Amino acid sequence: MQSLVYILPELFLFIVATVLLVTGLFLKNIKLINLLAIFSLLVTVILILNQPFQSAFLNSFIVDEFSLVLKVIILIGSIASLIMFVSSKDDLNINIYEFPILIIFSTIGMMVMVSANDLLAMFIGLELQSLSLYVLAALNRNSLLSSEAGIKYFILGALSSGLLLFGISYIYGFSGNTNFNLIAVNINPESLGLIIGIVFVLAGLAFKVSAVPFHMWTPDVYQGAPTPITGFFALAPKIAAMGLLVRFLFNSFGEIYIDWQQIIFFISIASMMLAAFAAIAQTNLKRLMAYSSIGHIGYALIGVACFTDEGLRSLLIYLMIYLIMNIAVFAFLLSLKRNDGYFENISDLSGMHKNHPLRTMLIALIMFSLAGIPPLAGFFGKFYIFVAAIESEMLFLAITGVIASVISAFYYLRIVKIMYFDESKEEFDGSSIKSLNLLYYPSSILIIIFFIYPSPVINISEYAIQSII
Amino acid sequence: MSEIPILSILIFIPVVGIFFMLLIRNNDDQSSQNLKHTALWITFLNFIISLSLLFSFDLNNPDFQFVEKYAWIESGISYHLGIDGVSILFVILTTMLVPICILASYESIKFSVKEYLISFLALETFMIGVFCSLDLVLFYLFFEGGLIPMFLIIGIWGGERRVYSTFKFFLYTLAGSVFMLLAIIYIFISTGTTDVETLLVYNFTTNEQLILWTAFFTSFMVKIPMWPFHTWLPDAHVEAPTAGSVILAGVLLKMAGYGFIRFSIGFFPDASEFFAPFIFSLSVIAIIVTSLIALVQEDMKKLIAYSSVAHMGFVTLGIFTFTVQGIEGGIIQMISHGIVSAALFLCVGVVYDRLHTREIARYGGLVSKMPFYSFSFMIFILASLGLPGTSGFVGEFLVLLSIFSINTYFAIFATTGVVLAATYSLWLYRRIIFGALIKDDLSEMFDLTRREIIIFLPLIILTIFIGLYPKPIINIIEPSTEKIVNQIKMKLD
């Protein structure tokens, strides 16, 4: 019974979601349901902040500084995508009241993921999150692309879950435990079966964070899914999966880090390089953002590969900055509409600085920030990652990282080029949507002024990692 | 010293200006005129404030002055500003050139005036920041941050091939600089600080020095630029609007020269000594090769751009002699080149605004229509080729003097560069200004307007003043240069 208190935020969200699901049937007001969902997510933030640090359910569910920070980040991402939803639901043909509820369910899954300290809890969280996301991706039933995205995501996702489960069974078989701490205690460094298990679990998790070579689904799903959902994909699930990855590797396999470090090393380099080259040829903005997110995950993985507190700290700093930048980008994407039609091609941005000077200036700066040009926030994210990499003597990772960031600067610059240097087209009327501006302006201004006072983000990260190492 | 954080004020006044300009919303001619006036007054105010630096600057103190230090990112990386004799002149050069640039763009910038001026003010912030920062991370922040406004200035208001040029400029410099970032991080990890004052007395091992020096060198070599990585410069210059070229030649190239003096030879004296013959060879090649290339140019801006590469060759020659004369010569050469090449680009801008071509062959015999213009152009051309009595002579002379004392062969080759410079400069002048005025479209040309005279006058005065009486400048530079040279000698022994 005591354990239920420790999962109070998750429990609260679950009750809210169930109640909303039933009331939604009678209440035809989607806006109200969405508002209630946002409100309950905010309440959850407060609940999380006031939670005592403890482990529950025989140490399979942990509430600590790390989970607290990641949960708040995830909830911010969920709230942002609900705000995006309300601004675009009529035009995108996703005017369905299940949307906020599915987001809540998925959020619960992610919250379980970052708290999981047991292979089974991890799998439950992962599946709850994924199943909701499969439905969300296919939410626009009239769109061929959206249905394709949903099916593709589901089939590949199911396959990766299978791999993950297979790996879990190996780990259980060779260590006799499912609890992360107990695995760490009973670990046999010589055991080949454990390594096989780790490889399969990492493959499954790499799929969830969309790291190369398990990234194939990302561009199609990003492009096909309705934009608020794409935004959600980019914001929350990757952060949750990253948190899970860290806890899984650090808590249970810290002793044999030499073995898994190589794997992370490889997928990190592969993600950075592939994304840098593949994004150059994209014409669709959402596809481009998909590759951009693959690249960013590659950088974040450097932080994991270091296996130091410095690395973990840089990972969290990176994820927070990544979240803010993506909120700005997706709020911007949703404002690109004219006569109820949305524009997703890069060429549609042509010359938009004539009609929307301030908005374009901010998004151009966001692009520079994504490319990691100082003094914008994205630079600091990369800076800390490289500090961690060089400190743990992974010079090769750092050098590949900077080379990839120069290459990827090209495609971010291309967007700036098209917005500023090319002939201008008609005005977009999405710039007047208040709820989007509520996301867009604060997040982009945060990115720009980050350098003046970066300590809060750094302090939060330092606070979060103290429970892991 | 005074309690007022004068360097921060200098750095952030343009930012305040940007906020003011964002408030001016309308898009008609009247408001764009207002925007230009606002930007002009803000940058002029900044210039006046920077002059006050000169009065309260303690000439006998070789250390950093006007120091400000606040905790910034974490322990070891702080917001640390300060200037000494080496950097103060660059700060003033920057604050002087920016209002001139804005004045020069009054007529030529026709669209998106607000974005243009905001870019310029942001650029000014970054440029002043580079010369004031005494922390490597802060330095990198300003050094790279300047790429963003410059990318936009070339890309939006540039010529026909502006997209190609601006991408080349951005990616070239970015690719060079990221290795400096890694080196800075390495320094931070191995010493626990990025504070310049602390690092100047820190001794790196020789192996560390060689690697770190190379990383810093990659960045500065591209930026200054040295042969064979100079190819972005002519492209960027040709396509940039006049004011963009002015600021590029006047200040941006100097950031790298300043970096060489402050960081390369200051932190890594052993490596610098080891690589000095390499630098000398590259510089001499640059001086001769780019001068020869300049001879065959048909585009005025391209010619001046190549001559910039040659002039920067003298700068690197001087710096790596590790003598007081050489470094002083390098600094004076940079200041002089900052004034003279900026003025030459402005001269090109004047005729370009009238005829909209930079092809040398389209001009000829302008002296009969534009006497004042011909006069000012002549002064700058003579200063550019290093005629005694102009600012160009002082720097080149000191550099050649110091290189002679080190190695005669390099000195001989470098001196041929002076002859070549005279050839291409005078030939350019002859083709544009002299001869008979036979081309029809030139008959419409009119002489300098009042605005243009205001632009040129301070530059002419400075060119001649530094040439005839360089003592005050040397007085400012000398104590700090001596300190740098002594420090290097101490470390080498």
# chains A, B, ... in the order shown; residues from 1 in each chain; ligands from 1
call {"tool": "residues_around", "arguments": {"residues": "Leu420 in chain B", "least_positions_apart": "2", "cutoff": "12 Å", "atoms": "only C-alpha atoms", "output": "JSON, numbers by chain"}}
result
{"B": [287, 288, 289, 290, 291, 292, 293, 294, 295, 296, 307, 310, 311, 384, 385, 386, 413, 414, 415, 416, 417, 418, 422, 423, 424, 425, 426, 427]}
call {"tool": "interface_residues", "arguments": {"of": "chain A", "to": "chain B", "cutoff": "6 Å", "atoms": "only C-alpha atoms", "output": "PyMOL selection string"}}
result
chain A and resi 374-375+387+406+421
call {"tool": "atom_distance", "arguments": {"atom1": "CA of Thr283 in chain A", "atom2": "CA of Ile346 in chain A"}}
result
5.6 Å
call {"tool": "residues_around", "arguments": {"residues": "range 358-361 of chain A", "least_positions_apart": "3", "cutoff": "12 Å", "atoms": "only C-alpha atoms", "output": "VMD selection string"}}
result
(chain A and resid 328 to 329 331 to 333 335 to 336 349 to 355 364 to 368 415 to 420 428 430 to 432 436 to 437 440 to 441 444 to 445 448) or (chain B and resid 19 21 to 25 112 114 to 116 118 to 119 148 to 149 152)
call {"tool": "closest_residue", "arguments": {"among": "B:Ile100, B:Val367, B:Ile88, B:Ile327", "to": "Phe397 in chain B", "atoms": "only C-alpha atoms"}}
result
B:Ile327
call {"tool": "residues_around", "arguments": {"residues": "range 89-98 of chain B", "least_positions_apart": "4", "cutoff": "6 Å", "atoms": "only C-alpha atoms", "output": "tab-separated table (two decimals) with C-alpha atoms, in the first residue's frame"}}
result
chain	number	residue	atom	x	y	z
B	47	PHE	CA	32.98	55.34	-30.84
B	50	SER	CA	35.81	53.95	-26.91
B	128	ILE	CA	34.52	44.28	-29.75
call {"tool": "select_by_dssp", "arguments": {"residues": "range 134-300 of chain A", "states": "helix (DSSP H, G or I)", "output": "ChimeraX atom specification"}}
result
/A:134-137,144-175,180-185,192-208,217-224,227-281,285-300
call {"tool": "residues_around", "arguments": {"residues": "Ser245 in chain B", "least_positions_apart": "2", "cutoff": "9 Å", "atoms": "only C-alpha atoms", "output": "VMD selection string"}}
result
chain B and resid 154 236 to 243 247 to 250 301 305 342 345 to 346
call {"tool": "closest_residue", "arguments": {"among": "B:Pro14, B:Pro228, B:Gly313, B:Gly85", "to": "Cys132 in chain B", "atoms": "only C-alpha atoms"}}
result
B:Gly85
call {"tool": "atom_distance", "arguments": {"atom1": "CA of Phe322 in chain B", "atom2": "CA of Phe263 in chain B"}}
result
13.2 Å
call {"tool": "atom_distance", "arguments": {"atom1": "CA of Ile104 in chain A", "atom2": "CA of Ile468 in chain A"}}
result
26.8 Å
call {"tool": "residues_around", "arguments": {"residues": "Thr323 in chain B", "least_positions_apart": "4", "cutoff": "10 Å", "atoms": "only C-alpha atoms", "output": "list of chain:residue names"}}
result
B:Gly318, B:Ile319, B:Ile327, B:Glu328, B:Gly329, B:Val399, B:Ser402, B:Ile403, B:Ser405, B:Ile406, B:Thr481, B:Glu482, B:Ile484, B:Val485, B:Asn486, B:Ile488, B:Lys489
call {"tool": "write_last_selection", "arguments": {"atoms": "C-alpha atoms", "output": "short mmCIF file (atom, residue, chain, number, x, y, z; two decimals), in the first residue's frame"}}
result
data_model
loop_
_atom_site.label_atom_id
_atom_site.label_comp_id
_atom_site.auth_asym_id
_atom_site.auth_seq_id
_atom_site.Cartn_x
_atom_site.Cartn_y
_atom_site.Cartn_z
CA GLY B 318 56.34 40.12 -38.16
CA ILE B 319 54.51 38.30 -35.38
CA ILE B 327 55.15 42.30 -33.33
CA GLU B 328 54.75 46.07 -33.21
CA GLY B 329 55.16 46.14 -36.97
CA VAL B 399 58.34 44.00 -40.14
CA SER B 402 62.81 42.49 -37.82
CA ILE B 403 62.78 39.74 -40.43
CA SER B 405 67.63 40.36 -38.34
CA ILE B 406 66.28 36.80 -38.33
CA THR B 481 54.48 44.04 -26.64
CA GLU B 482 57.66 44.12 -24.58
CA ILE B 484 54.75 39.55 -24.38
CA VAL B 485 58.24 39.21 -25.84
CA ASN B 486 59.83 38.96 -22.38
CA ILE B 488 58.14 34.28 -24.46
CA LYS B 489 61.86 34.59 -23.84
#
call {"tool": "residues_around", "arguments": {"residues": "range 40-45 of chain B", "least_positions_apart": "2", "cutoff": "12 Å", "atoms": "only C-alpha atoms", "output": "VMD selection string"}}
result
chain B and resid 9 to 21 33 to 38 47 to 52 92 94 to 106 117 to 118 120 to 125 128
call {"tool": "select_by_dssp", "arguments": {"residues": "range 28-214 of chain A", "states": "strand (DSSP E or B)", "output": "VMD selection string"}}
result
chain A and resid 54 to 56 61 to 63 116 118 179
call {"tool": "closest_residue", "arguments": {"among": "B:Leu81, B:Cys347, B:Leu437, B:Ile473", "to": "Ile332 in chain B", "atoms": "only C-alpha atoms"}}
result
B:Ile473
call {"tool": "decode", "arguments": {"residues": "range 15-33 of chain B", "atoms": "N, CA and C atoms", "output": "compact mmCIF listing (two decimals), in the first residue's frame"}}
result
# COMPACT_ATOMS: atom_id res chain seq x y z
N VAL B 15 23.76 46.07 -28.59
CA VAL B 15 22.62 45.19 -28.31
C VAL B 15 21.41 46.02 -27.90
N VAL B 16 21.66 47.03 -27.07
CA VAL B 16 20.57 47.93 -26.69
C VAL B 16 20.01 48.60 -27.94
N GLY B 17 20.93 48.96 -28.83
CA GLY B 17 20.51 49.57 -30.09
C GLY B 17 19.60 48.65 -30.88
N ILE B 18 19.90 47.35 -30.86
CA ILE B 18 19.07 46.39 -31.59
C ILE B 18 17.65 46.40 -31.03
N PHE B 19 17.53 46.48 -29.71
CA PHE B 19 16.20 46.51 -29.10
C PHE B 19 15.43 47.74 -29.55
N PHE B 20 16.14 48.88 -29.58
CA PHE B 20 15.49 50.11 -30.04
C PHE B 20 14.97 49.92 -31.46
N MET B 21 15.80 49.31 -32.29
CA MET B 21 15.43 49.22 -33.70
C MET B 21 14.30 48.24 -33.91
N LEU B 22 14.23 47.22 -33.04
CA LEU B 22 13.11 46.28 -33.17
C LEU B 22 11.79 46.99 -32.89
N LEU B 23 11.86 48.11 -32.14
CA LEU B 23 10.63 48.82 -31.81
C LEU B 23 10.11 49.62 -32.99
N ILE B 24 11.00 50.01 -33.90
CA ILE B 24 10.54 50.78 -35.07
C ILE B 24 9.92 49.80 -36.06
N ARG B 25 8.62 49.90 -36.22
CA ARG B 25 7.93 48.81 -36.92
C ARG B 25 7.64 49.10 -38.39
N ASN B 26 7.33 50.33 -38.69
CA ASN B 26 6.83 50.60 -40.04
C ASN B 26 7.87 50.28 -41.09
N ASN B 27 7.39 50.20 -42.31
CA ASN B 27 8.27 49.72 -43.35
C ASN B 27 8.43 50.72 -44.49
N ASP B 28 8.07 51.99 -44.22
CA ASP B 28 8.16 52.96 -45.32
C ASP B 28 9.54 53.62 -45.33
N ASP B 29 9.73 54.55 -46.27
CA ASP B 29 11.03 55.18 -46.42
C ASP B 29 11.41 55.99 -45.19
N GLN B 30 10.40 56.68 -44.66
CA GLN B 30 10.66 57.53 -43.49
C GLN B 30 11.26 56.71 -42.35
N SER B 31 10.63 55.57 -42.08
CA SER B 31 11.10 54.79 -40.93
C SER B 31 12.45 54.16 -41.22
N SER B 32 12.71 53.80 -42.48
CA SER B 32 14.02 53.22 -42.73
C SER B 32 15.10 54.30 -42.60
N GLN B 33 14.72 55.54 -42.91
CA GLN B 33 15.66 56.64 -42.68
C GLN B 33 15.93 56.78 -41.18
